[in-house]
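Report on one structure; see the data block that follows.
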Amino acid sequence: MSNLYSPSIEAQATELLSKMTLNEKLGQLSQVSGRGAQIPSELADGIRQGRVSSVLNEVDLDIVNELQRIAVEESRLGIPLLIGRDVIHGFKTIFPIPLGQAATWSPDIVEKGARVAALESARVGVNWTFAPMIDIARDPRWGRIAESLGEDPFLCGQLGEAMVKGFQTDDLSSVGSIASCAKHFVGYGASESGRDYNTANIPENELRNVYLPPFHVAAKAGAASFMASFSDLNGVPASGNQWLMKQVLREEWQYQGFVVSDWDSIKDLQVHGLSASQKDSAYLAAKAGVDMEMVSTCYIDNLGELIASKQIDEIEVDTMVLNILKAKYALGLFVNPFTDPSSLPDALNSNHLEDAKEAAQKSCVLLQNNNHILPISKQATKRIAVLGPMANDGYEQLGTWIFDGEEKDSVTCLDGLRALAGDNIEIDFMPVLANSRDHDTQHFDKALDLTNSADIAILFLGEESILSGEAHSRSNIDLPGAQAKLIEHLYASSTPIVLVILAGRPLTIQPILNKVDSILYAWHPGTMGGPAIAELLFGDACPSGKLPVSFPRVVGQIPIYYAQKNTGRPAAEHSYVYMDDVPQRAAQTSLGMASTHLDTHFTPLYPFGFGMSYANFAYEQVEISSQSIKIGETFKVSLRLENHSNIDAEEVVQLYVRDLVGSVTRPVKQLKGFKRVHVKAHSQEHISFEMHTDDLAFYDIRNQLNVEAGDFMLGVGSDSSVELTLAFTLTN
Ligand code: BGC
């Protein structure tokens, strides 16, 4: 890994460290929570005494500047503060939830989103965000899937890197750059049954091949900090996990940034049952190499004693302090800790809103479009019924983790449709249900009347923001409340129905597929969701989002993801028997003897990478430059993408590989490349992927990163169900 910090930063931090008392050192390991509109005297005193390194959740500019002033002018050594905030998908201009951003499959769009978030939050003095969240998420019951970049290590790594770049730029010290934090290291997404904060049991090989890679990418991209996960990882919670923090992160990856705990996660080591006291917790976390403690006070209360009793060497604490000081130098805080908002663009300016609209638009995934009901023709339509609790709710479209985004700045779907429809189309609006969880069916008949008298009905359903995010897991991920019943009720109408779903996770929508004509999955699209969606519905823009996560048919299929192992008895169409078709008293061995459920098909409802377009793309001449490639060499995969339609559109071209035999079994498919490509109507683009055999490396039976010789299959297409038709061999 290249050096994160210049020799001069190293020297300055070391010089400062040499002047610090033990108490001042311990202060640098401590992060405290701010209190909003005032500065409590204990916080001001703590900063004066050098007992506070970082404050989180303080976003009042004057207060932040005053906190910095106290730190640099009134503390003995004048060390500035890190001001941390969860700027997860925007600050004032809210972008789609990260899972939605991942559906753009566009590192450029994701980088722009992080850039806007950095610029807007830096205006109030935030210099450190707790993002990107790059936990591999394969369980839509888990509320935090909304904050994730989906199920795939490659996609997640590419987009996570883009976020790091967007937040930090190439120069952390420049105005408007903020430090990023790769979280939650590691395995949080594997929480048992999707219950938040739960245990993660992940074999080391799986950790190295699936969960760790995005973090390794973030480390290489220069993420200034990492956050330890809450989870119990294979029996040792991450905040006390020496193997993870010392061996993998520091020794193998040579990571030079600093590690922060999660909120109280050092204190929680005792709750986990890993330690018997807060002192033990401090000992374990410090030994693991967690540099800064978020909110709880195990370090500041106990490390002094642990050093006095020689259980911890002061040199270990010095290393932790240095890691933090270097980030402060790199951010330029010693040169100028104060924020002058006039040096930064206004929040919610038109460029930021335009970027947010583009992100929302390209995140929407068209899942179904029977009879080409979409796009809606402005000429042929006189009356539209706009129904549902998510149609005109500026708050609920923002999604989870929007501490600073405001409902008043949102443009709702109804606003967006009205603005585009003009005077020729009449729009009848009715929320029908008070919110997504409402069970009251009293307005259903009126909704049916409106549907009957319209040329088309657009139904905005889904999940409110509070139903996903931290501590908001669900065991049943159907549409909540009476929403499915509403669809059922409107099915009586012959008017075509378009369903737009705004939600923080994949929902199990199989039961309602046949009751609507078209389905657009819009996630929680953020401030500009309304205009983005309206343009898609009216055909001013073409849907191009692709699922960053597989959609299960029923909750019992979870976990279901495309990069599964083949097993010894893979499911197959020809041998699949559905439960109702099993003859009574059938012999034990008469069924397919394959890895399937009797009561649901073995494929997901929609595969990873899936998303339709109004255009019609064809993949032609998919070719590989050589069928026999020596390990260490490069090769090229090329194709021609044709747009056989009369509209300009974007397609996300996806390249998948299967390694047929390995020293550990390999997934049936792995994403190894993708490109978002614009193709004009009735024209074509030549696309190529430059590959290196290193792209096919994996952690082998010895848990070493290795490229193994052997046979592979490759395919390029529009989603992960693509057939792998090109064979090639890697040779030594
Ligand atoms: C979450 C983190 C977040 C932190 C600070 C914790 O509860 O797990 O993701 O960054 O709080 O708000």
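Labels used: A, B, ... for chains in the order of the structure tokens, numbers from 1 for residues in each chain, and numbers from 1 for ligands as shown.
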Fill in: DSSP-assigned strand (DSSP E) members of segment 150-271 of chain A, reported as a list of chain:residue names
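Answer for segment 150-271 of chain A, restricted to strand (DSSP E): A:Cys181, A:Ala182, A:Lys183, A:His184, A:Phe185, A:Ser225, A:Phe226, A:Met227, A:Ala228, A:Asp232, A:Leu233, A:Val236, A:Pro237, A:Phe258, A:Val259, A:Val260.
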Which residues are near Asp264 of chain A? Cut-off 8 Å, only C-alpha atoms, ignore same chain within fewer than 2 positions. Put them as a PDB file with N, CA and C atoms, in the first residue's frame.
```pdb
ATOM      1  N   SER A 261     -13.900   2.950  17.123  1.00  0.00           N
ATOM      2  CA  SER A 261     -14.882   1.928  17.512  1.00  0.00           C
ATOM      3  C   SER A 261     -16.238   2.363  16.978  1.00  0.00           C
ATOM      4  N   ASP A 262     -17.229   1.523  17.081  1.00  0.00           N
ATOM      5  CA  ASP A 262     -18.587   2.010  16.843  1.00  0.00           C
ATOM      6  C   ASP A 262     -19.109   2.538  18.189  1.00  0.00           C
ATOM      7  N   ILE A 266     -16.786  -0.547  22.436  1.00  0.00           N
ATOM      8  CA  ILE A 266     -15.743  -1.049  23.350  1.00  0.00           C
ATOM      9  C   ILE A 266     -16.413  -1.437  24.674  1.00  0.00           C
ATOM     10  N   LYS A 267     -17.258  -0.553  25.157  1.00  0.00           N
ATOM     11  CA  LYS A 267     -17.991  -0.861  26.383  1.00  0.00           C
ATOM     12  C   LYS A 267     -18.807  -2.152  26.221  1.00  0.00           C
ATOM     13  N   ASP A 268     -19.379  -2.314  25.021  1.00  0.00           N
ATOM     14  CA  ASP A 268     -20.236  -3.488  24.780  1.00  0.00           C
ATOM     15  C   ASP A 268     -19.466  -4.815  24.796  1.00  0.00           C
ATOM     16  N   GLU A 293     -12.096   5.723  20.761  1.00  0.00           N
ATOM     17  CA  GLU A 293     -13.320   5.162  21.345  1.00  0.00           C
ATOM     18  C   GLU A 293     -14.482   6.121  21.119  1.00  0.00           C
ATOM     19  N   MET A 294     -15.521   5.616  20.489  1.00  0.00           N
ATOM     20  CA  MET A 294     -16.691   6.452  20.228  1.00  0.00           C
ATOM     21  C   MET A 294     -17.626   6.407  21.435  1.00  0.00           C
ATOM     22  N   VAL A 295     -17.795   7.548  22.071  1.00  0.00           N
ATOM     23  CA  VAL A 295     -18.754   7.829  23.142  1.00  0.00           C
ATOM     24  C   VAL A 295     -18.469   7.153  24.487  1.00  0.00           C
ATOM     25  N   SER A 296     -18.337   5.844  24.560  1.00  0.00           N
ATOM     26  CA  SER A 296     -18.088   5.262  25.888  1.00  0.00           C
ATOM     27  C   SER A 296     -16.677   5.681  26.349  1.00  0.00           C
TER      28      SER A 296
END
```
Item to complete: Using only C-alpha atoms and all ligand atoms, find each protein or nucleic acid residue lying at most 6 Å from ligand 1; present the set as number ranges by chain.
Response: A: 86, 130, 262-263
Selection to disk with N, CA, C and O atoms, as a short mmCIF file (atom, residue, chain, number, x, y, z; two decimals), in the first residue's frame:
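Saved file out_38.cif follows:
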```
data_model
loop_
_atom_site.label_atom_id
_atom_site.label_comp_id
_atom_site.auth_asym_id
_atom_site.auth_seq_id
_atom_site.Cartn_x
_atom_site.Cartn_y
_atom_site.Cartn_z
N ASP A 86 -22.59 11.37 10.61
CA ASP A 86 -23.04 10.37 9.64
C ASP A 86 -23.62 11.08 8.42
O ASP A 86 -24.82 11.35 8.35
N PHE A 130 -18.86 9.23 8.62
CA PHE A 130 -18.84 7.78 8.88
C PHE A 130 -19.41 7.05 7.68
O PHE A 130 -20.47 6.41 7.74
N ASP A 262 -17.23 1.52 17.08
CA ASP A 262 -18.59 2.01 16.84
C ASP A 262 -19.11 2.54 18.19
O ASP A 262 -18.46 2.41 19.23
N TRP A 263 -20.28 3.14 18.14
CA TRP A 263 -20.86 3.79 19.33
C TRP A 263 -20.92 2.79 20.50
O TRP A 263 -21.64 1.79 20.41
#
```
Worksheet item: Just how far from atom CA of Ala356 of chain A is atom CA of Asp393 of chain A, in Å to one decimal?
Response: 17.5 Å
Item to complete: Skip segment 703-705 of chain A itself and residues of its chain fewer than 6 positions away, then list as a count of residues only all residues within 12 Å of it, counting only C-alpha atoms.
Response: 16
Residues within 9 Å of Ala219 of chain A, please, as a JSON list (two decimals) with C-alpha atoms, in the first residue's frame. Count only C-alpha atoms; anything in the same chain fewer than 6 positions from it doesn't count.
```json
[["chain", "number", "residue", "atom", "x", "y", "z"],
["A", 1, "MET", "CA", 0.00, 0.00, 0.00],
["A", 161, "GLU", "CA", -13.75, 3.47, -3.58],
["A", 182, "ALA", "CA", -14.88, 2.51, 5.86],
["A", 225, "SER", "CA", -10.33, 5.78, 8.90],
["A", 226, "PHE", "CA", -12.02, 2.44, 9.53],
["A", 249, "LEU", "CA", -5.62, -4.65, 8.71],
["A", 253, "TRP", "CA", -2.74, -4.58, 4.46],
["A", 254, "GLN", "CA", -0.29, -2.16, 6.07],
["A", 255, "TYR", "CA", -3.17, 0.19, 6.75],
["A", 256, "GLN", "CA", -1.98, 3.55, 8.05],
["A", 257, "GLY", "CA", -5.22, 5.35, 8.87]]
```
Fill in: Picked from segment 269-386 of chain A by DSSP as alpha helix (DSSP H), as a PyMOL selection string
chain A and resi 269-272+278-288+298-308+314-330+350-363
Discussion item. One number please: atom CA of Ala13 of chain A to atom CA of Leu29 of chain A, in Å, one decimal.
Written reply: 14.5 Å
Item to complete: Do a neighbour search on Ser625 of chain A at 8 Å with only C-alpha atoms, toss out local chain neighbours closer than 2 positions, and write the hits as a count of residues only.
Response: 6
Discussion item. Need to verify the contact set: segment 394-397 of chain A, 9 Å, only C-alpha atoms, exclusion of same-chain residues closer than 2 positions in sequence. Can you return it as a PyMOL selection string?
Written reply: chain A and resi 96+390-392+399-400+405-413+463-466+502-503+523-527+529-530
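If you count only C-alpha atoms and ignore residues fewer than 3 places along the chain from Gln621 of chain A, what sits within 10 Å of it is A:Ala618, A:Ile624, A:Ser638, A:Leu639, A:Arg640, A:Leu641, A:His686.
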Practice prompt. Check the smallest atom-to-atom distance from each of A:Gln31, A:Thr603, A:Ser177, A:Ser193 to Gly50 of chain A using only C-alpha atoms, then report the winner.
Written response: A:Gln31
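We find atom CA of Tyr576 of chain A and atom CA of Thr589 of chain A to be spaced 13.1 Å apart.
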